[in-house]
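Structure file final_23.pdb (PDB, C-alpha atoms) follows.
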```pdb
ATOM      1  CA  MET H   1       0.000   0.000   0.000
ATOM      2  CA  VAL H   2       1.335   3.422  -0.979
ATOM      3  CA  ALA H   3       1.057   6.111   1.663
ATOM      4  CA  GLU H   4      -0.396   9.414   0.505
ATOM      5  CA  LYS H   5       1.796  12.465   0.809
ATOM      6  CA  ALA H   6       0.840  14.891   3.548
ATOM      7  CA  ASP H   7      -0.718  18.107   2.350
ATOM      8  CA  LYS H   8       1.546  21.063   1.671
ATOM      9  CA  LYS H   9       2.356  23.707   4.280
ATOM     10  CA  THR H  10       4.117  25.884   1.719
ATOM     11  CA  LEU H  11       3.401  26.545  -1.944
ATOM     12  CA  GLY H  12       5.758  27.344  -4.776
ATOM     13  CA  VAL H  13       6.325  27.491  -8.478
ATOM     14  CA  THR H  14       8.942  25.904 -10.705
ATOM     15  CA  SER H  15      11.851  28.043 -11.891
ATOM     16  CA  ILE H  16      10.380  28.182 -15.406
ATOM     17  CA  ASN H  17       6.975  29.258 -14.091
ATOM     18  CA  GLU H  18       8.617  31.829 -11.806
ATOM     19  CA  LYS H  19       9.506  33.834 -14.925
ATOM     20  CA  THR H  20       5.888  33.885 -16.070
ATOM     21  CA  LEU H  21       4.659  34.755 -12.577
ATOM     22  CA  SER H  22       7.155  37.600 -12.281
ATOM     23  CA  ALA H  23       6.225  38.955 -15.715
ATOM     24  CA  LEU H  24       2.547  38.776 -14.829
ATOM     25  CA  ALA H  25       2.992  40.546 -11.489
ATOM     26  CA  SER H  26       5.525  43.145 -12.652
ATOM     27  CA  ALA H  27       3.466  44.170 -15.693
ATOM     28  CA  GLY H  28       1.109  45.941 -13.300
ATOM     29  CA  ARG H  29      -1.857  43.667 -13.811
ATOM     30  CA  PHE H  30      -1.777  42.437 -10.201
ATOM     31  CA  ASN H  31      -0.661  44.102  -6.971
ATOM     32  CA  THR H  32       1.199  41.043  -5.697
ATOM     33  CA  ASP H  33       2.547  37.773  -6.979
ATOM     34  CA  ILE H  34      -0.045  36.029  -4.788
ATOM     35  CA  GLU H  35      -2.837  37.736  -6.754
ATOM     36  CA  ALA H  36      -1.151  36.699 -10.009
ATOM     37  CA  ALA H  37      -0.819  33.118  -8.750
ATOM     38  CA  LYS H  38      -4.495  33.027  -7.784
ATOM     39  CA  PHE H  39      -5.374  34.179 -11.301
ATOM     40  CA  ALA H  40      -3.217  31.355 -12.713
ATOM     41  CA  LEU H  41      -5.047  28.922 -10.408
ATOM     42  CA  ALA H  42      -8.447  30.126 -11.640
ATOM     43  CA  TYR H  43      -7.274  30.037 -15.237
ATOM     44  CA  ALA H  44      -6.146  26.417 -14.887
ATOM     45  CA  ILE H  45      -9.475  25.415 -13.353
ATOM     46  CA  ASN H  46     -11.351  27.201 -16.149
ATOM     47  CA  GLU H  47      -9.218  25.426 -18.745
ATOM     48  CA  GLY H  48     -10.112  22.039 -17.267
ATOM     49  CA  VAL H  49      -6.712  21.091 -15.860
ATOM     50  CA  THR H  50      -7.063  17.799 -14.040
ATOM     51  CA  ARG H  51      -5.678  16.684 -10.710
ATOM     52  CA  GLY H  52      -1.971  16.239 -10.388
ATOM     53  CA  THR H  53       1.152  17.350  -8.614
ATOM     54  CA  THR H  54       4.046  19.514  -9.729
ATOM     55  CA  ASP H  55       7.600  18.500  -8.942
ATOM     56  CA  GLY H  56      10.502  20.900  -8.656
ATOM     57  CA  THR H  57       8.727  23.766  -6.953
ATOM     58  CA  GLY H  58      10.557  26.076  -4.603
ATOM     59  CA  THR H  59       9.079  27.489  -1.427
ATOM     60  CA  LYS H  60       7.386  30.811  -2.141
ATOM     61  CA  TRP H  61       4.391  31.195   0.165
ATOM     62  CA  ASN H  62       3.147  29.720   3.415
ATOM     63  CA  VAL H  63      -0.416  28.436   2.980
ATOM     64  CA  GLY H  64      -1.493  30.769   5.807
ATOM     65  CA  SER H  65      -0.326  33.757   3.774
ATOM     66  CA  PHE H  66      -1.686  32.479   0.480
ATOM     67  CA  ASP H  67      -5.077  31.321   1.799
ATOM     68  CA  SER H  68      -5.508  33.141   5.094
ATOM     69  CA  ASP H  69      -9.228  32.431   5.455
ATOM     70  CA  GLY H  70      -9.206  28.922   3.966
ATOM     71  CA  GLY H  71     -11.482  30.025   1.124
ATOM     72  CA  LEU H  72      -9.338  28.563  -1.647
ATOM     73  CA  LYS H  73      -9.083  25.254   0.150
ATOM     74  CA  ALA H  74     -12.887  25.213   0.448
ATOM     75  CA  VAL H  75     -13.264  25.906  -3.286
ATOM     76  CA  ILE H  76     -10.872  23.083  -4.168
ATOM     77  CA  GLU H  77     -12.663  20.714  -1.798
ATOM     78  CA  ALA H  78     -15.984  21.628  -3.466
ATOM     79  CA  LEU H  79     -14.646  21.238  -7.023
ATOM     80  CA  TYR H  80     -12.574  18.128  -6.265
ATOM     81  CA  PRO H  81     -14.448  16.435  -3.384
ATOM     82  CA  ASP H  82     -12.195  13.373  -3.250
ATOM     83  CA  GLU H  83      -8.952  15.373  -3.187
ATOM     84  CA  PRO H  84      -6.950  14.355  -0.096
ATOM     85  CA  SER H  85      -4.373  17.177  -0.444
ATOM     86  CA  PRO H  86      -6.071  20.405  -1.524
ATOM     87  CA  TYR H  87      -2.978  22.606  -1.121
ATOM     88  CA  ARG H  88      -0.872  20.197  -3.156
ATOM     89  CA  LEU H  89      -3.523  20.492  -5.892
ATOM     90  CA  ILE H  90      -3.607  24.289  -5.548
ATOM     91  CA  GLU H  91       0.148  24.358  -6.157
ATOM     92  CA  HIS H  92      -0.266  22.115  -9.206
ATOM     93  CA  LEU H  93      -3.063  24.283 -10.636
ATOM     94  CA  ILE H  94      -1.027  27.472 -10.139
ATOM     95  CA  ASN H  95       1.891  25.970 -12.037
ATOM     96  CA  ALA H  96      -0.356  24.538 -14.757
ATOM     97  CA  GLY H  97      -2.082  27.896 -15.202
ATOM     98  CA  LEU H  98       1.236  29.717 -15.479
ATOM     99  CA  GLN H  99       2.456  27.180 -18.012
ATOM    100  CA  LEU H 100      -0.728  27.543 -20.073
ATOM    101  CA  MET H 101      -0.387  31.341 -20.094
ATOM    102  CA  ASP H 102       3.266  31.345 -21.161
ATOM    103  CA  ASN H 103       3.572  31.980 -24.906
ATOM    104  CA  ASN H 104       7.377  31.648 -24.820
ATOM    105  CA  ASP H 105       7.664  35.122 -26.311
ATOM    106  CA  GLY H 106       9.125  36.884 -23.270
ATOM    107  CA  LEU H 107       6.017  39.061 -22.894
ATOM    108  CA  PRO H 108       3.678  39.015 -19.917
ATOM    109  CA  PRO H 109       0.517  36.987 -20.482
ATOM    110  CA  ASP H 110      -2.385  38.944 -21.992
ATOM    111  CA  VAL H 111      -4.726  38.877 -19.004
ATOM    112  CA  ALA H 112      -7.480  40.894 -20.674
ATOM    113  CA  GLY H 113      -7.361  38.649 -23.728
ATOM    114  CA  LEU H 114      -7.560  35.518 -21.557
ATOM    115  CA  VAL H 115     -10.542  36.852 -19.616
ATOM    116  CA  LEU H 116     -12.387  37.943 -22.753
ATOM    117  CA  ALA H 117     -11.704  34.617 -24.477
ATOM    118  CA  ALA H 118     -13.065  32.728 -21.465
ATOM    119  CA  ALA H 119     -16.157  34.939 -21.394
ATOM    120  CA  GLU H 120     -16.739  34.405 -25.116
ATOM    121  CA  ASP H 121     -16.317  30.637 -24.702
ATOM    122  CA  ARG H 122     -19.000  30.646 -22.034
ATOM    123  CA  GLY H 123     -21.305  32.880 -24.063
ATOM    124  CA  SER H 124     -21.064  35.601 -21.434
ATOM    125  CA  ILE H 125     -20.418  38.233 -24.059
ATOM    126  CA  LYS H 126     -23.285  38.651 -26.469
ATOM    127  CA  ASP H 127     -22.782  40.309 -29.840
ATOM    128  CA  ALA H 128     -26.040  42.193 -29.328
ATOM    129  CA  HIS H 129     -24.476  44.097 -26.436
ATOM    130  CA  LEU H 130     -21.378  45.143 -28.354
ATOM    131  CA  PRO H 131     -21.399  48.306 -30.444
ATOM    132  CA  LYS H 132     -21.353  47.681 -34.162
ATOM    133  CA  ALA H 133     -18.194  48.696 -35.978
ATOM    134  CA  GLY H 134     -18.504  52.246 -37.265
ATOM    135  CA  ALA H 135     -21.608  52.976 -35.186
ATOM    136  CA  SER H 136     -21.608  56.289 -33.348
ATOM    137  CA  SER H 137     -22.785  56.617 -29.779
TER     138      SER H 137
END
```
Please re-express this file's structure in structure tokens.
Amino acid sequence: MVAEKADKKTLGVTSINEKTLSALASAGRFNTDIEAAKFALAYAINEGVTRGTTDGTGTKWNVGSFDSDGGLKAVIEALYPDEPSPYRLIEHLINAGLQLMDNNDGLPPDVAGLVLAAAEDRGSIKDAHLPKAGASS
């Protein structure tokens, strides 16, 4: 029988994903790297990333700093009810989201473009509500 790993007390990103996280945070789209990481987490969930773990992460945040009220853990437990290690999964989803956003072009991810694309995919943006090209207001 294989013993399950204990849940994480600290979270981190891989060295490759650190570059994407830094670009995302330093481009002024988020106030902190924690906010940028939470966006990457949400992006990964929206993109349907499955359960997993990420090896090779450094220590970046204590879970108490990253999820001070336990809200993220509760969301993960609701979305993945059989997940025995929610913080381990949170770390994986952060890294997966950062990897998905990295275009390997050295530029920060296009947050607005990602949000709009997700809204369009869900049908949240209706053409009827958008001004027609060349129409005056």
Item to check | H:Glu18, H:Glu47, H:Asp7, H:Glu35 ranked by distance to Leu93 in chain H, top pick (using only C-alpha atoms) | outcome: H:Glu47
Item to check | Hits from the PyMOL selection byres ((chain H and resi 10) around 7), listed as a ChimeraX atom specification | outcome: /H:8-9,11-12,59,61-63
Given the selection you just returned, output its residues as a file containing C-alpha atoms, formatted as a PDB file, in the frame of the given file.
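What landed in part13.pdb:
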```pdb
ATOM      1  CA  LYS H   8       1.546  21.063   1.671  1.00  0.00           C
ATOM      2  CA  LYS H   9       2.356  23.707   4.280  1.00  0.00           C
ATOM      3  CA  LEU H  11       3.401  26.545  -1.944  1.00  0.00           C
ATOM      4  CA  GLY H  12       5.758  27.344  -4.776  1.00  0.00           C
ATOM      5  CA  THR H  59       9.079  27.489  -1.427  1.00  0.00           C
ATOM      6  CA  TRP H  61       4.391  31.195   0.165  1.00  0.00           C
ATOM      7  CA  ASN H  62       3.147  29.720   3.415  1.00  0.00           C
ATOM      8  CA  VAL H  63      -0.416  28.436   2.980  1.00  0.00           C
TER       9      VAL H  63
END
```
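What the PyMOL selection byres ((chain H and resi 89) around 9) grabs from this file is Arg51, Gly52, Thr53, Thr54, Ile76, Glu83, Ser85, Pro86, Tyr87, Arg88, Ile90, Glu91, His92, Leu93 and Ile94 of chain H.
Remark: for Arg29 in chain H, the closest of the candidate residues H:Pro108, H:Thr57, H:Leu79, H:Val115 is H:Pro108 (distances computed over all atoms listed in the file).
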Next on the checklist: Using Å and a single decimal, report how far CA of Thr20 in chain H sits from CA of Leu116 in chain H.
Outcome noted: 19.9 Å
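For the pair CA of Asp67 in chain H and CA of Ala40 in chain H, the interatomic distance is 14.6 Å.
Minimum atom-to-atom distance to Ser15 in chain H, evaluated using all atoms listed in the file, belongs to H:Leu98 out of H:Leu114, H:Val75, H:Leu98, H:Leu41.
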Checklist entry - Taking into account all atoms listed in the file, which residue in the set H:Pro81, H:Gly70, H:Gly97, H:Gly113 is nearest to Ala42 in chain H? => result H:Gly97
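Of note, CA of Ala44 in chain H and CA of Asp69 in chain H are spaced 21.4 Å apart.
Closest approach to Ala96 in chain H from the set H:Asn46, H:Ser68, H:Thr32, H:Ser26 is made by H:Asn46, with distances taken over all atoms listed in the file.
With all atoms listed in the file as the atoms that count, the minimum distance from Gly58 in chain H to the choices H:Leu24, H:Leu72, H:Ile16, H:Met101 is reached by H:Ile16.
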